[in-house]
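Text of final36.json, listed as JSON, C-alpha atoms:
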```json
[["chain", "number", "residue", "atom", "x", "y", "z"],
["A", 3, "MET", "CA", 74.33, 92.53, 100.61],
["A", 4, "PRO", "CA", 77.52, 94.61, 100.32],
["A", 5, "ALA", "CA", 77.35, 98.38, 100.04],
["A", 6, "PRO", "CA", 77.76, 99.81, 96.54],
["A", 7, "THR", "CA", 81.36, 100.64, 95.78],
["A", 8, "PRO", "CA", 82.22, 103.50, 93.47],
["A", 9, "LEU", "CA", 84.24, 102.37, 90.47],
["A", 10, "PHE", "CA", 86.78, 105.16, 90.59],
["A", 11, "ALA", "CA", 88.88, 103.38, 88.00],
["A", 12, "ASN", "CA", 86.32, 104.71, 85.51],
["A", 13, "ALA", "CA", 86.35, 108.27, 86.83],
["A", 14, "VAL", "CA", 89.15, 110.77, 86.87],
["A", 15, "ILE", "CA", 89.59, 112.38, 90.25],
["A", 16, "GLU", "CA", 92.35, 114.85, 90.83],
["A", 17, "ALA", "CA", 93.70, 113.27, 94.01],
["A", 18, "ASP", "CA", 97.10, 113.45, 95.56],
["A", 19, "ARG", "CA", 98.92, 110.56, 97.20],
["A", 20, "GLN", "CA", 97.41, 111.44, 100.58],
["A", 21, "ALA", "CA", 94.05, 109.95, 99.54],
["A", 22, "PRO", "CA", 94.82, 106.50, 98.07],
["A", 23, "ASP", "CA", 91.77, 104.56, 99.21],
["A", 24, "PRO", "CA", 88.37, 104.63, 97.43],
["A", 25, "LEU", "CA", 86.51, 106.00, 100.45],
["A", 26, "ALA", "CA", 88.91, 108.94, 100.76],
["A", 27, "LEU", "CA", 88.50, 109.62, 97.04],
["A", 28, "LEU", "CA", 84.72, 109.47, 97.44],
["A", 29, "MET", "CA", 84.88, 111.97, 100.33],
["A", 30, "ARG", "CA", 86.99, 114.32, 98.18],
["A", 31, "ALA", "CA", 84.48, 114.05, 95.32],
["A", 32, "TYR", "CA", 81.61, 114.87, 97.69],
["A", 33, "ASP", "CA", 83.57, 117.76, 99.20],
["A", 34, "ARG", "CA", 84.24, 119.12, 95.72],
["A", 35, "ALA", "CA", 80.53, 118.95, 94.80],
["A", 36, "ILE", "CA", 79.42, 120.47, 98.10],
["A", 37, "ARG", "CA", 81.95, 123.30, 97.86],
["A", 38, "ALA", "CA", 80.79, 124.08, 94.31],
["A", 39, "CYS", "CA", 77.17, 124.23, 95.47],
["A", 40, "GLU", "CA", 78.06, 126.40, 98.46],
["A", 41, "THR", "CA", 79.79, 128.90, 96.17],
["A", 42, "PHE", "CA", 76.97, 128.80, 93.60],
["A", 43, "ASP", "CA", 79.40, 127.48, 91.00],
["A", 44, "TYR", "CA", 77.05, 126.05, 88.38],
["A", 45, "VAL", "CA", 79.73, 124.53, 86.14],
["A", 46, "GLY", "CA", 81.76, 123.16, 89.05],
["A", 47, "ALA", "CA", 78.69, 121.64, 90.70],
["A", 48, "ARG", "CA", 77.59, 119.95, 87.46],
["A", 49, "GLN", "CA", 81.09, 118.58, 86.87],
["A", 50, "ALA", "CA", 81.46, 117.29, 90.42],
["A", 51, "ILE", "CA", 78.03, 115.63, 90.47],
["A", 52, "ASN", "CA", 78.73, 114.09, 87.06],
["A", 53, "LEU", "CA", 81.96, 112.71, 88.49],
["A", 54, "LEU", "CA", 80.00, 111.03, 91.27],
["A", 55, "ARG", "CA", 77.50, 109.63, 88.76],
["A", 56, "ASP", "CA", 80.22, 108.38, 86.41],
["A", 57, "ALA", "CA", 81.82, 106.46, 89.26],
["A", 58, "LEU", "CA", 78.76, 104.28, 89.81],
["A", 59, "ASP", "CA", 78.36, 100.70, 88.65],
["A", 60, "LEU", "CA", 74.76, 100.90, 87.44],
["A", 61, "GLU", "CA", 74.39, 97.11, 87.43],
["A", 62, "SER", "CA", 73.68, 97.38, 91.16],
["A", 63, "ALA", "CA", 70.23, 98.40, 92.38],
["A", 64, "ALA", "CA", 71.82, 100.39, 95.21],
["A", 65, "SER", "CA", 74.00, 102.26, 92.71],
["A", 66, "ARG", "CA", 70.93, 103.09, 90.63],
["A", 67, "SER", "CA", 69.40, 104.60, 93.77],
["A", 68, "PHE", "CA", 72.49, 106.75, 94.26],
["A", 69, "ASP", "CA", 72.27, 107.73, 90.60],
["A", 70, "ALA", "CA", 68.68, 108.88, 91.11],
["A", 71, "LEU", "CA", 69.78, 111.05, 94.04],
["A", 72, "TYR", "CA", 72.64, 112.52, 92.02],
["A", 73, "GLU", "CA", 70.22, 113.18, 89.16],
["A", 74, "TRP", "CA", 67.93, 115.03, 91.58],
["A", 75, "CYS", "CA", 70.94, 117.07, 92.75],
["A", 76, "GLU", "CA", 71.72, 117.93, 89.13],
["A", 77, "GLU", "CA", 68.12, 119.04, 88.63],
["A", 78, "CYS", "CA", 68.42, 121.27, 91.70],
["A", 79, "VAL", "CA", 71.61, 122.82, 90.35],
["A", 80, "GLU", "CA", 69.98, 123.26, 86.94],
["A", 81, "GLY", "CA", 67.19, 125.19, 88.70],
["A", 82, "ARG", "CA", 69.81, 127.14, 90.67],
["A", 83, "ASP", "CA", 68.71, 125.52, 93.95],
["A", 84, "PHE", "CA", 72.27, 125.02, 95.17],
["A", 85, "VAL", "CA", 71.21, 124.83, 98.82],
["A", 86, "SER", "CA", 69.05, 121.71, 98.38],
["A", 87, "ALA", "CA", 71.73, 120.01, 96.29],
["A", 88, "ALA", "CA", 74.41, 120.80, 98.89],
["A", 89, "GLN", "CA", 72.19, 119.51, 101.71],
["A", 90, "CYS", "CA", 71.58, 116.20, 99.95],
["A", 91, "LEU", "CA", 75.23, 115.76, 99.01],
["A", 92, "ARG", "CA", 76.32, 116.60, 102.55],
["A", 93, "THR", "CA", 73.87, 114.03, 103.95],
["A", 94, "LEU", "CA", 75.18, 111.36, 101.58],
["A", 95, "ARG", "CA", 78.81, 112.20, 102.38],
["A", 96, "ASP", "CA", 78.16, 112.08, 106.11],
["A", 97, "ALA", "CA", 76.29, 108.77, 105.80],
["A", 98, "TRP", "CA", 79.26, 107.22, 103.94],
["A", 99, "ARG", "CA", 81.59, 108.59, 106.61],
["A", 100, "ARG", "CA", 79.46, 107.20, 109.45],
["A", 101, "ALA", "CA", 79.03, 103.85, 107.70],
["A", 102, "SER", "CA", 82.79, 103.51, 107.29],
["A", 103, "HIS", "CA", 83.22, 103.80, 111.06],
["A", 104, "MET", "CA", 80.59, 101.21, 111.95],
["A", 105, "ALA", "CA", 81.65, 97.80, 113.15],
["A", 106, "PRO", "CA", 81.23, 94.96, 110.61],
["A", 107, "SER", "CA", 78.70, 93.36, 112.95],
["A", 108, "SER", "CA", 76.34, 96.34, 112.81],
["A", 109, "THR", "CA", 72.71, 95.60, 113.49],
["A", 110, "PRO", "CA", 69.89, 96.99, 111.35],
["A", 111, "ALA", "CA", 68.89, 99.24, 114.26],
["A", 112, "GLN", "CA", 72.22, 101.06, 113.98],
["A", 113, "TRP", "CA", 71.71, 101.61, 110.25],
["A", 114, "SER", "CA", 68.38, 103.28, 110.90],
["A", 115, "ASP", "CA", 70.24, 106.17, 112.53],
["A", 116, "LEU", "CA", 71.69, 107.24, 109.18],
["A", 117, "PRO", "CA", 70.15, 110.43, 107.75],
["A", 118, "VAL", "CA", 67.99, 110.28, 104.65],
["A", 119, "CYS", "CA", 67.92, 112.85, 101.83]]
```
Just give me the structure as structure tokens.
Amino acid sequence: MPAPTPLFANAVIEADRQAPDPLALLMRAYDRAIRACETFDYVGARQAINLLRDALDLESAASRSFDALYEWCEECVEGRDFVSAAQCLRTLRDAWRRASHMAPSSTPAQWSDLPVC
């Protein structure tokens, strides 16, 4: 089963020409959300997390799982728990980054090393 792919055609991300591929855009969106949480920027964190949510194709079960995590992050931000939201978003970002560097012939044992929120 392929990994869920963000549908960034449906989301507006302020990206320059140095980040043309979807994974780079995803990393920028995560970085934006994490930075907002780290600076206790309520509005910025909500906007960045909404951007991540809007990019999902909710027809996929995996995407719905990501949506649930993003929703939890939004609830944390709503309750002013920016630290928990940033930790979860950082874990997700790092997992995407690690997964992008794995060989296509990865075994399930290698996938078990990925952190969980």
### Query
Which neighbours of segment 74-84 of chain A fall inside 7 Å, counting only C-alpha atoms, when residues of the same chain fewer than 4 positions from it are skipped, and could you give them as a PyMOL selection string?
chain A and resi 39-40+42+44+48+51+70+88
### Query
Which one is closest to Leu54 of chain A: A:Ser67, A:Thr41, A:Ser102, A:Ala35? Count all atoms listed in the file.
A:Ala35
### Task
Have a look at atom CA of Ala50 of chain A and atom CA of Tyr32 of chain A and let me know their distance in Å, one decimal.
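Computing it gives 7.7 Å between the two atoms.
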### Task
Compare A:Ser86, A:Tyr72, A:Trp98, A:Thr93 by their minimum atom-to-atom distance to Leu27 of chain A, counting all atoms listed in the file, and give me the closest one.
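Going through A:Ser86, A:Tyr72, A:Trp98, A:Thr93 one by one, the smallest distance to Leu27 of chain A is for A:Trp98.
Taking atom CA of Gln49 of chain A and atom CA of Asp33 of chain A as endpoints, the distance between them is 12.6 Å.
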### Query
Distance atom CA of Ala101 of chain A-atom CA of Asp43 of chain A, one decimal place?
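Distance reported for this atom pair: 28.9 Å.
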